[in-house]
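Heads up, target-v3.txt below (compact mmCIF, C-alpha atoms):
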# COMPACT_ATOMS: atom_id res chain seq x y z
CA MET V 151 0.00 0.00 0.00
CA THR V 152 1.42 3.34 -1.08
CA PRO V 153 0.25 6.19 1.17
CA VAL V 154 -0.97 9.42 -0.39
CA GLN V 155 -1.04 12.89 1.11
CA VAL V 156 -4.78 13.53 0.70
CA VAL V 157 -7.66 11.07 0.58
CA GLY V 158 -11.18 12.17 -0.33
CA LEU V 159 -14.44 10.23 0.13
CA GLY V 160 -17.11 10.62 -2.54
CA HIS V 161 -18.45 9.23 -5.79
CA PRO V 162 -17.07 10.44 -9.14
CA VAL V 163 -19.46 12.02 -11.63
CA ILE V 164 -19.26 12.07 -15.43
CA ASN V 165 -20.13 15.59 -16.52
CA LEU V 166 -21.07 16.95 -19.92
CA GLY V 167 -20.40 20.68 -19.84
CA ILE V 168 -21.97 22.86 -22.53
CA ALA V 169 -21.39 26.58 -23.02
CA VAL V 170 -24.41 28.39 -24.47
CA ASP V 171 -25.08 31.99 -25.39
CA LYS V 172 -28.28 31.89 -23.34
CA LEU V 173 -30.51 29.26 -21.78
CA PRO V 174 -32.97 28.00 -24.40
CA GLU V 175 -36.65 28.76 -24.11
CA SER V 176 -39.21 26.05 -24.78
CA ASP V 177 -39.34 25.25 -28.51
CA HIS V 178 -36.57 27.77 -29.26
CA PRO V 179 -32.90 26.92 -29.85
CA ALA V 180 -29.80 28.37 -28.21
CA ASN V 181 -26.31 28.46 -29.67
CA ARG V 182 -23.81 25.94 -28.38
CA LEU V 183 -20.46 27.71 -27.90
CA GLY V 184 -18.43 24.81 -26.59
CA MET V 185 -18.60 21.30 -25.13
CA THR V 186 -16.49 19.28 -22.74
CA TRP V 187 -16.63 15.79 -21.20
CA GLN V 188 -14.88 15.54 -17.83
CA VAL V 189 -15.04 13.33 -14.78
CA GLY V 190 -15.84 15.54 -11.82
CA GLY V 191 -17.91 15.67 -8.70
CA LYS V 192 -16.73 17.30 -5.50
CA ILE V 193 -14.08 14.79 -4.54
CA ALA V 194 -12.73 13.94 -8.01
CA THR V 195 -12.36 17.63 -8.86
CA ALA V 196 -10.64 18.53 -5.59
CA MET V 197 -8.29 15.54 -5.76
CA SER V 198 -7.39 16.40 -9.38
CA CYS V 199 -6.61 19.95 -8.30
CA ILE V 200 -4.29 18.66 -5.57
CA THR V 201 -2.33 16.41 -7.94
CA ARG V 202 -2.07 19.14 -10.58
CA LEU V 203 -0.45 21.30 -7.92
CA GLY V 204 2.20 18.66 -7.23
CA PHE V 205 0.87 16.58 -4.34
CA SER V 206 -0.61 13.07 -4.19
CA SER V 207 -4.27 12.25 -3.73
CA ALA V 208 -6.76 9.40 -3.89
CA ILE V 209 -10.52 9.12 -4.26
CA VAL V 210 -12.45 6.55 -2.23
CA GLY V 211 -15.97 5.83 -3.40
CA ARG V 212 -18.17 3.80 -5.72
CA ALA V 213 -18.96 3.93 -9.43
CA ALA V 214 -20.99 1.97 -11.95
CA ALA V 215 -18.93 -0.98 -13.17
CA ASP V 216 -19.34 -0.17 -16.86
CA ALA V 217 -18.27 3.46 -16.32
CA LEU V 218 -15.33 2.72 -14.03
CA PRO V 219 -12.70 2.08 -16.74
CA TYR V 220 -13.44 5.49 -18.31
CA ILE V 221 -13.40 7.19 -14.91
CA ARG V 222 -10.04 5.65 -14.06
CA ARG V 223 -8.53 6.72 -17.42
CA ASP V 224 -9.83 10.25 -17.10
CA LEU V 225 -8.62 10.83 -13.53
CA ALA V 226 -5.27 9.22 -14.41
CA ILE V 227 -4.62 12.25 -16.65
CA ASP V 228 -4.16 14.27 -13.46
CA GLY V 229 -2.53 11.45 -11.47
CA VAL V 230 -5.35 10.73 -9.02
CA ASP V 231 -5.14 7.33 -7.31
CA THR V 232 -8.40 5.50 -8.15
CA SER V 233 -7.43 2.10 -6.76
CA HIS V 234 -9.95 2.47 -3.91
CA LEU V 235 -12.97 3.08 -6.15
CA LEU V 236 -15.37 0.14 -5.87
CA ALA V 237 -17.36 -1.14 -8.86
CA ASP V 238 -21.15 -1.39 -8.60
CA PRO V 239 -22.34 -3.93 -11.23
CA THR V 240 -26.00 -2.92 -10.93
CA ALA V 241 -25.80 0.88 -10.96
CA GLN V 242 -26.00 3.22 -13.92
CA ALA V 243 -23.30 5.81 -14.50
CA TYR V 244 -23.53 8.92 -12.32
CA PHE V 245 -24.01 11.53 -15.04
CA THR V 246 -24.82 15.25 -15.04
CA VAL V 247 -25.14 18.03 -17.61
CA SER V 248 -24.04 21.57 -16.79
CA LEU V 249 -24.89 24.63 -18.87
CA ALA V 250 -22.65 27.70 -18.68
CA GLU V 251 -24.58 30.73 -19.90
CA ARG V 252 -22.56 33.54 -21.45
CA ALA V 253 -25.36 36.11 -21.23
CA THR V 254 -25.51 36.01 -17.42
CA GLY V 255 -22.30 34.22 -16.40
CA GLY V 256 -24.52 31.75 -14.55
CA ARG V 257 -24.68 27.98 -14.68
CA SER V 258 -27.48 25.43 -14.60
CA PHE V 259 -27.40 21.71 -13.86
CA LEU V 260 -29.40 18.73 -15.07
CA SER V 261 -28.80 16.01 -12.53
CA ALA V 262 -30.46 13.21 -10.61
CA PRO V 263 -29.92 11.53 -7.24
CA ALA V 264 -26.72 9.50 -7.06
CA PRO V 265 -27.34 6.10 -8.68
CA VAL V 266 -24.74 4.40 -6.47
CA ALA V 267 -25.05 3.61 -2.78
CA ASP V 268 -22.86 5.35 -0.24
CA LEU V 269 -20.01 3.32 1.17
CA ALA V 270 -20.52 1.41 4.39
CA PRO V 271 -17.89 1.76 7.14
CA GLU V 272 -16.79 -1.87 6.65
CA GLU V 273 -15.91 -1.11 3.02
CA LEU V 274 -13.27 1.43 4.04
CA ASP V 275 -9.56 0.64 4.23
CA GLU V 276 -8.66 1.88 7.70
CA ALA V 277 -4.89 1.66 7.25
CA PHE V 278 -5.01 3.54 3.95
CA LEU V 279 -7.15 6.35 5.34
CA LYS V 280 -4.99 6.68 8.44
CA SER V 281 -1.86 6.96 6.30
CA ALA V 282 -3.00 10.25 4.70
CA ARG V 283 -1.97 13.62 6.09
CA PHE V 284 -5.32 15.15 5.11
CA LEU V 285 -8.79 13.63 4.87
CA TYR V 286 -11.24 15.50 2.64
CA LEU V 287 -14.98 15.03 3.24
CA TRP V 288 -18.21 16.65 2.18
CA GLY V 289 -20.69 14.06 3.51
CA THR V 290 -21.70 13.18 7.05
CA GLY V 291 -22.84 9.58 6.66
CA GLU V 292 -21.65 6.61 8.70
CA ALA V 293 -18.59 6.03 6.52
CA ASP V 294 -17.64 9.73 6.68
CA LEU V 295 -17.88 9.83 10.48
CA THR V 296 -15.92 6.59 10.76
CA ALA V 297 -13.18 7.98 8.52
CA ALA V 298 -13.18 11.24 10.50
CA GLY V 299 -12.60 9.30 13.71
CA TRP V 300 -9.71 7.38 12.17
CA CYS V 301 -8.21 10.64 10.91
CA ARG V 302 -8.25 12.06 14.43
CA GLU V 303 -6.75 8.87 15.89
CA ALA V 304 -3.90 8.97 13.35
CA GLY V 305 -3.16 12.67 13.89
CA GLY V 306 -4.29 13.69 10.41
CA GLN V 307 -6.22 16.82 9.51
CA LEU V 308 -9.79 16.86 8.24
CA VAL V 309 -10.88 19.36 5.58
CA PHE V 310 -14.68 19.59 5.37
CA ASP V 311 -16.51 21.00 2.35
CA ALA V 312 -19.74 22.43 3.74
CA ASP V 313 -21.48 23.23 0.47
CA THR V 314 -25.10 22.81 1.64
CA TYR V 315 -26.46 22.91 5.16
CA HIS V 316 -27.85 19.82 6.86
CA PRO V 317 -27.99 18.79 10.53
CA GLY V 318 -25.19 16.26 10.09
CA ILE V 319 -22.72 19.13 9.88
CA GLU V 320 -23.00 19.55 13.65
CA ALA V 321 -21.74 15.98 14.14
CA ILE V 322 -18.69 16.47 11.91
CA LEU V 323 -17.61 19.81 13.39
CA PRO V 324 -15.66 18.38 16.37
CA PHE V 325 -13.54 16.27 14.01
CA THR V 326 -12.82 19.11 11.58
CA HIS V 327 -9.59 21.08 11.40
CA HIS V 328 -10.49 23.12 8.30
CA PHE V 329 -14.20 23.94 7.94
CA ILE V 330 -14.90 25.67 4.63
CA ALA V 331 -18.50 26.75 4.14
CA SER V 332 -20.35 28.15 1.18
CA GLU V 333 -22.38 31.32 1.49
CA TYR V 334 -25.51 29.11 1.48
CA VAL V 335 -24.37 27.37 4.67
CA TYR V 336 -23.45 30.69 6.24
CA ARG V 337 -26.95 32.04 5.50
CA ALA V 338 -28.55 28.89 6.94
CA LEU V 339 -26.58 29.41 10.15
CA PHE V 340 -26.60 33.20 10.50
CA GLY V 341 -29.27 34.56 8.17
CA GLN V 342 -28.50 37.83 6.40
CA SER V 343 -26.01 39.04 9.01
CA ALA V 344 -22.91 40.58 7.43
CA ASP V 345 -20.95 40.44 10.69
CA TYR V 346 -18.65 37.75 9.37
CA GLN V 347 -16.06 38.23 12.09
CA GLU V 348 -18.46 37.68 14.99
CA ASN V 349 -20.38 34.84 13.35
CA LEU V 350 -17.33 32.95 12.16
CA ARG V 351 -15.74 33.35 15.57
CA ARG V 352 -18.80 31.66 17.11
CA LEU V 353 -18.52 28.81 14.61
CA TRP V 354 -14.77 28.61 15.26
CA ALA V 355 -15.38 28.14 18.99
CA ARG V 356 -17.95 25.39 18.34
CA GLN V 357 -15.57 23.64 15.96
CA GLY V 358 -12.69 23.50 18.41
CA LYS V 359 -10.54 26.39 17.19
CA GLY V 360 -9.16 25.15 13.89
CA VAL V 361 -9.75 27.13 10.68
CA VAL V 362 -13.16 28.40 9.56
CA ILE V 363 -13.68 29.97 6.13
CA VAL V 364 -16.77 31.10 4.26
CA THR V 365 -16.51 31.59 0.50
CA LEU V 366 -18.55 34.50 -0.89
CA GLY V 367 -18.25 34.11 -4.66
CA ALA V 368 -17.33 37.35 -6.40
CA ARG V 369 -17.05 39.03 -2.98
CA GLY V 370 -14.09 36.89 -1.98
CA LEU V 371 -13.99 35.13 1.38
CA ALA V 372 -13.75 35.60 5.13
CA GLY V 373 -12.04 33.41 7.67
CA ILE V 374 -10.67 32.75 11.14
CA ASP V 375 -7.27 31.07 11.43
CA GLU V 376 -5.96 28.67 14.10
CA GLN V 377 -4.92 31.56 16.33
CA GLY V 378 -8.34 33.17 16.16
CA SER V 379 -7.33 35.99 13.81
CA PHE V 380 -9.98 37.21 11.37
CA PHE V 381 -9.10 37.84 7.72
CA ARG V 382 -10.75 38.84 4.45
CA GLU V 383 -9.57 38.17 0.90
CA GLU V 384 -10.97 39.66 -2.29
CA ALA V 385 -11.75 37.58 -5.38
CA PHE V 386 -9.31 37.67 -8.30
CA PRO V 387 -10.69 39.44 -11.40
CA VAL V 388 -10.76 37.14 -14.43
CA THR V 389 -12.94 36.64 -17.48
CA VAL V 390 -15.32 33.95 -16.27
CA VAL V 391 -16.34 31.23 -18.72
CA ASP V 392 -17.71 28.61 -16.31
CA THR V 393 -17.90 28.46 -12.52
CA THR V 394 -18.66 24.73 -12.40
CA GLY V 395 -16.41 23.14 -9.78
CA ALA V 396 -15.00 26.48 -8.56
CA GLY V 397 -15.72 25.69 -4.92
CA ASP V 398 -14.26 22.19 -5.19
CA VAL V 399 -11.12 23.62 -6.75
CA PHE V 400 -10.83 26.19 -3.97
CA HIS V 401 -10.96 23.41 -1.37
CA GLY V 402 -8.38 21.34 -3.21
CA ALA V 403 -6.03 24.28 -3.72
CA TYR V 404 -6.40 25.37 -0.09
CA THR V 405 -5.40 21.86 1.00
CA ALA V 406 -2.44 21.88 -1.40
CA GLY V 407 -1.43 25.26 0.01
CA ARG V 408 -1.36 23.84 3.52
CA LEU V 409 0.76 20.92 2.29
CA ALA V 410 3.12 23.50 0.76
CA GLY V 411 3.58 25.15 4.16
CA MET V 412 1.20 28.09 3.77
CA ASP V 413 -0.75 29.41 6.74
CA ALA V 414 -4.55 29.64 6.62
CA ARG V 415 -4.74 33.08 5.05
CA GLU V 416 -2.02 32.36 2.47
CA ALA V 417 -3.67 29.06 1.54
CA ALA V 418 -7.07 30.75 1.23
CA ARG V 419 -5.64 33.40 -1.10
CA PHE V 420 -3.87 30.67 -3.07
CA GLY V 421 -7.14 28.72 -3.31
CA SER V 422 -8.92 31.81 -4.62
CA ALA V 423 -6.26 32.30 -7.30
CA VAL V 424 -6.41 28.67 -8.49
CA SER V 425 -10.22 28.75 -8.51
CA ALA V 426 -10.18 31.97 -10.55
CA ILE V 427 -7.90 30.38 -13.16
CA LYS V 428 -10.21 27.36 -13.36
CA CYS V 429 -13.18 29.62 -14.09
CA THR V 430 -11.55 30.86 -17.30
CA ARG V 431 -12.18 27.49 -18.96
CA LEU V 432 -15.23 25.30 -19.55
CA GLY V 433 -15.73 22.38 -17.20
CA CYS V 434 -14.58 21.45 -13.73
CA ARG V 435 -11.00 20.30 -14.47
CA ALA V 436 -9.73 21.65 -17.80
CA GLY V 437 -8.74 24.94 -16.19
CA LEU V 438 -6.68 23.40 -13.38
CA PRO V 439 -3.20 24.99 -13.39
CA THR V 440 0.14 23.60 -12.28
CA MET V 441 1.80 25.04 -9.18
CA GLU V 442 4.16 27.09 -11.33
CA ASN V 443 1.28 28.59 -13.28
CA ALA V 444 -0.72 29.34 -10.13
CA LEU V 445 2.22 31.06 -8.43
CA SER V 446 2.87 33.09 -11.58
CA PHE V 447 -0.71 34.33 -11.44
CA LEU V 448 -0.29 35.27 -7.77
CA ARG V 449 2.97 37.14 -8.41
CA GLU V 450 2.28 38.76 -11.77
CA GLY V 451 -1.45 38.53 -12.40
CA ARG V 452 -1.05 36.33 -15.48
CA PHE V 453 -0.74 32.64 -16.28
CA ASP V 454 0.24 30.37 -19.17
CA GLU V 455 -2.84 30.20 -21.40
CA ALA V 456 -1.31 27.55 -23.68
CA GLU V 457 -1.11 25.03 -20.85
CA LEU V 458 -4.86 25.25 -20.28
CA GLU V 459 -5.77 25.32 -23.96
CA GLU V 460 -4.05 21.98 -24.43
CA ARG V 461 -6.14 20.51 -21.63
CA CYS V 462 -9.33 21.96 -23.13
CA ARG V 463 -8.61 20.36 -26.51
CA HIS V 464 -8.31 16.95 -24.86
CA TRP V 465 -11.75 17.13 -23.23
CA GLU V 466 -13.49 18.58 -26.27
CA LYS V 467 -13.30 15.12 -27.86
CA LEU V 468 -16.10 12.65 -27.33
CA PRO V 469 -15.02 9.96 -24.82
CA PHE V 470 -16.19 7.10 -27.03

For this file, produce the structure as structure tokens.
Amino acid sequence: MTPVQVVGLGHPVINLGIAVDKLPESDHPANRLGMTWQVGGKIATAMSCITRLGFSSAIVGRAAADALPYIRRDLAIDGVDTSHLLADPTAQAYFTVSLAERATGGRSFLSAPAPVADLAPEELDEAFLKSARFLYLWGTGEADLTAAGWCREAGGQLVFDADTYHPGIEAILPFTHHFIASEYVYRALFGQSADYQENLRRLWARQGKGVVIVTLGARGLAGIDEQGSFFREEAFPVTVVDTTGAGDVFHGAYTAGRLAGMDAREAARFGSAVSAIKCTRLGCRAGLPTMENALSFLREGRFDEAELEERCRHWEKLPF
């Protein structure tokens, strides 16, 4: 067993991304501006981001047996370890369609409930999970809580992606070292209050004084670091093509930043920069930069466009 630096729990998703000039009305066409096939989902996207930035990662989850060979090939492009993905012979492929609308800069999804069952605790490889420096979760099921407990026992650090609010978040908080919430979760907890410092400090105390961050889209982010210091970071201005996967990329890049020795604020700023670069390309993974490209953007405000264009050309092709 070869240990990896970050292990994430979650099912991979095959995504068809389509750029349109505007969302079509009933019985009226819209112009397709671009198309991309990429394996994504929260965990696959974040783990791909981590490997693109020079660290090792693995995805632990389940996928339809007939789709698994394609999923493995696609994630291998970015070096993600897929050896702990389990095949489900009865499930259909987990498939979504995302529409990136040029007119508004918004995105829309056509999706369905996950066709594969969540992992049970007995299906997890305890030794493998304990060998990772970081555990990355976004769910709060039995397997997630079991993995979180193992992470704490082994002295690892848990990064939790709180994208949508549900009561299970309260159970995962005591295990979490890096709690990164979307604005939707913040609103569910604190309503329309703009007192980010006070509200995040309350959440920080409930968590156990690790790191708490809320991402605010175009308004940047706010956070509390391990020492209890409040910080704000502005978003990086870029020409946005598609925001699909932007939050997942932020989480992955933040984790990579911590592996690189950055403190909470530095890693959050780094995550914002990597997420901004991603948004300049269609799909969840085509816009993922290398570490060199990301640092160039931080230092000089520009990045190597050719590197990303090559990735885009790969995923423009049909996967069959």

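Here the question is which of V:Ile322, V:Leu458, V:Leu274, V:Leu166 gets nearest to Gly358 (chain V) using only C-alpha atoms, and that residue is V:Ile322.
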
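Using only C-alpha atoms, the nearest neighbour of Gly191 (chain V) within the list V:Pro174, V:Gly211, V:Pro271, V:Pro439 is V:Gly211.
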
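Counting all atoms listed in the file, the residue from V:Ser248, V:Ser343, V:Asn349, V:Ser198 that sits nearest to Ile227 (chain V) is V:Ser198.
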
**Study point:** Pick from V:Ala331, V:Ala253, V:Ile193, V:Val388, whichever lies nearest to Ala372 (chain V) using only C-alpha atoms
**Key:** V:Ala331

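Ranking V:Ser332, V:Thr365, V:Gln347, V:Thr240 by their shortest atom-to-atom distance to Gly378 (chain V), with all atoms listed in the file included, puts V:Gln347 first.
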
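Residue nearest Gly451 (chain V), chosen from V:Ala426, V:Ala237, V:Phe400, V:Trp187 and counting only C-alpha atoms: V:Ala426.
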
Review point. Got a sec: who's within 10 Å of Thr232 (chain V), counting all atoms listed in the file, leaving out chain neighbours fewer than 6 positions off, as number ranges by chain?
Key: V: 194, 207-211, 218, 221-223, 225-226

Within 10 Å of region 293-315 of chain V, which residues of region 367-419 of chain V come that close, and what is the closest atom pair and distance in Å for each? Count all atoms listed in the file and give it as JSON lines.
{"residue": "V:Gly397", "atom": "CA", "partner": "V:Asp313", "partner_atom": "CA", "distance": 8.3}
{"residue": "V:Asp398", "atom": "CA", "partner": "V:Asp311", "partner_atom": "CA", "distance": 8.0}
{"residue": "V:Phe400", "atom": "CA", "partner": "V:Asp311", "partner_atom": "CA", "distance": 10.0}
{"residue": "V:His401", "atom": "CA", "partner": "V:Asp311", "partner_atom": "CA", "distance": 7.1}
{"residue": "V:Gly402", "atom": "CA", "partner": "V:Val309", "partner_atom": "CA", "distance": 9.4}
{"residue": "V:Tyr404", "atom": "CA", "partner": "V:Val309", "partner_atom": "CA", "distance": 9.4}
{"residue": "V:Thr405", "atom": "CA", "partner": "V:Val309", "partner_atom": "CA", "distance": 7.6}

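With CA of Glu416 (chain V) on one side and CA of Phe386 (chain V) on the other, the separation reads 14.0 Å.
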
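Look at Phe420 (chain V): the protein and nucleic acid residues within 8 Å of it, using all atoms listed in the file and passing over chain neighbours fewer than 5 places away, are Ala403, Tyr404, Gly407, Ala444 and Leu448 of chain V.
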
Output C-alpha atoms of each residue in that selection to a file, as a PDB file, in the frame of the given file.
ATOM      1  CA  ALA V 403      -6.030  24.280  -3.720  1.00  0.00           C
ATOM      2  CA  TYR V 404      -6.400  25.370  -0.090  1.00  0.00           C
ATOM      3  CA  GLY V 407      -1.430  25.260   0.010  1.00  0.00           C
ATOM      4  CA  ALA V 444      -0.720  29.340 -10.130  1.00  0.00           C
ATOM      5  CA  LEU V 448      -0.290  35.270  -7.770  1.00  0.00           C
TER       6      LEU V 448
END

Which residues, written as a PDB file with C-alpha atoms, in the coordinates of the input, have at least one atom at most 12 Å from Gly437 (chain V), with all atoms listed in the file counted and residues fewer than 6 positions away on the same chain left out?
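Done, and the output landed in around-v8.pdb:
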ATOM      1  CA  THR V 186     -16.490  19.280 -22.740  1.00  0.00           C
ATOM      2  CA  GLN V 188     -14.880  15.540 -17.830  1.00  0.00           C
ATOM      3  CA  THR V 195     -12.360  17.630  -8.860  1.00  0.00           C
ATOM      4  CA  SER V 198      -7.390  16.400  -9.380  1.00  0.00           C
ATOM      5  CA  CYS V 199      -6.610  19.950  -8.300  1.00  0.00           C
ATOM      6  CA  ARG V 202      -2.070  19.140 -10.580  1.00  0.00           C
ATOM      7  CA  ASP V 228      -4.160  14.270 -13.460  1.00  0.00           C
ATOM      8  CA  VAL V 390     -15.320  33.950 -16.270  1.00  0.00           C
ATOM      9  CA  VAL V 391     -16.340  31.230 -18.720  1.00  0.00           C
ATOM     10  CA  ASP V 392     -17.710  28.610 -16.310  1.00  0.00           C
ATOM     11  CA  THR V 393     -17.900  28.460 -12.520  1.00  0.00           C
ATOM     12  CA  THR V 394     -18.660  24.730 -12.400  1.00  0.00           C
ATOM     13  CA  GLY V 395     -16.410  23.140  -9.780  1.00  0.00           C
ATOM     14  CA  ALA V 396     -15.000  26.480  -8.560  1.00  0.00           C
ATOM     15  CA  VAL V 399     -11.120  23.620  -6.750  1.00  0.00           C
ATOM     16  CA  ALA V 423      -6.260  32.300  -7.300  1.00  0.00           C
ATOM     17  CA  VAL V 424      -6.410  28.670  -8.490  1.00  0.00           C
ATOM     18  CA  SER V 425     -10.220  28.750  -8.510  1.00  0.00           C
ATOM     19  CA  ALA V 426     -10.180  31.970 -10.550  1.00  0.00           C
ATOM     20  CA  ILE V 427      -7.900  30.380 -13.160  1.00  0.00           C
ATOM     21  CA  LYS V 428     -10.210  27.360 -13.360  1.00  0.00           C
ATOM     22  CA  CYS V 429     -13.180  29.620 -14.090  1.00  0.00           C
ATOM     23  CA  THR V 430     -11.550  30.860 -17.300  1.00  0.00           C
ATOM     24  CA  ARG V 431     -12.180  27.490 -18.960  1.00  0.00           C
ATOM     25  CA  ASN V 443       1.280  28.590 -13.280  1.00  0.00           C
ATOM     26  CA  ALA V 444      -0.720  29.340 -10.130  1.00  0.00           C
ATOM     27  CA  PHE V 453      -0.740  32.640 -16.280  1.00  0.00           C
ATOM     28  CA  ASP V 454       0.240  30.370 -19.170  1.00  0.00           C
ATOM     29  CA  GLU V 455      -2.840  30.200 -21.400  1.00  0.00           C
ATOM     30  CA  ALA V 456      -1.310  27.550 -23.680  1.00  0.00           C
ATOM     31  CA  GLU V 457      -1.110  25.030 -20.850  1.00  0.00           C
ATOM     32  CA  LEU V 458      -4.860  25.250 -20.280  1.00  0.00           C
ATOM     33  CA  GLU V 459      -5.770  25.320 -23.960  1.00  0.00           C
ATOM     34  CA  GLU V 460      -4.050  21.980 -24.430  1.00  0.00           C
ATOM     35  CA  ARG V 461      -6.140  20.510 -21.630  1.00  0.00           C
ATOM     36  CA  CYS V 462      -9.330  21.960 -23.130  1.00  0.00           C
ATOM     37  CA  ARG V 463      -8.610  20.360 -26.510  1.00  0.00           C
ATOM     38  CA  HIS V 464      -8.310  16.950 -24.860  1.00  0.00           C
ATOM     39  CA  TRP V 465     -11.750  17.130 -23.230  1.00  0.00           C
TER      40      TRP V 465
END

Practice item. Please write as an MDAnalysis selection string the list of polymer residues whose atoms come within 12 Å of (-10.6, 24.9, 12.3), counting only C-alpha atoms and keeping to the coordinates of the file. Key: chainID V and resid 307:310 322:331 350:364 373:379 414

Exercise for review: For Ala215 (chain V), please output as a ChimeraX atom specification all residues within 9 Å (counting only C-alpha atoms; exclusion window: fewer than 3 positions along the same chain).
Suggested key: /V:212,218-219,236-243
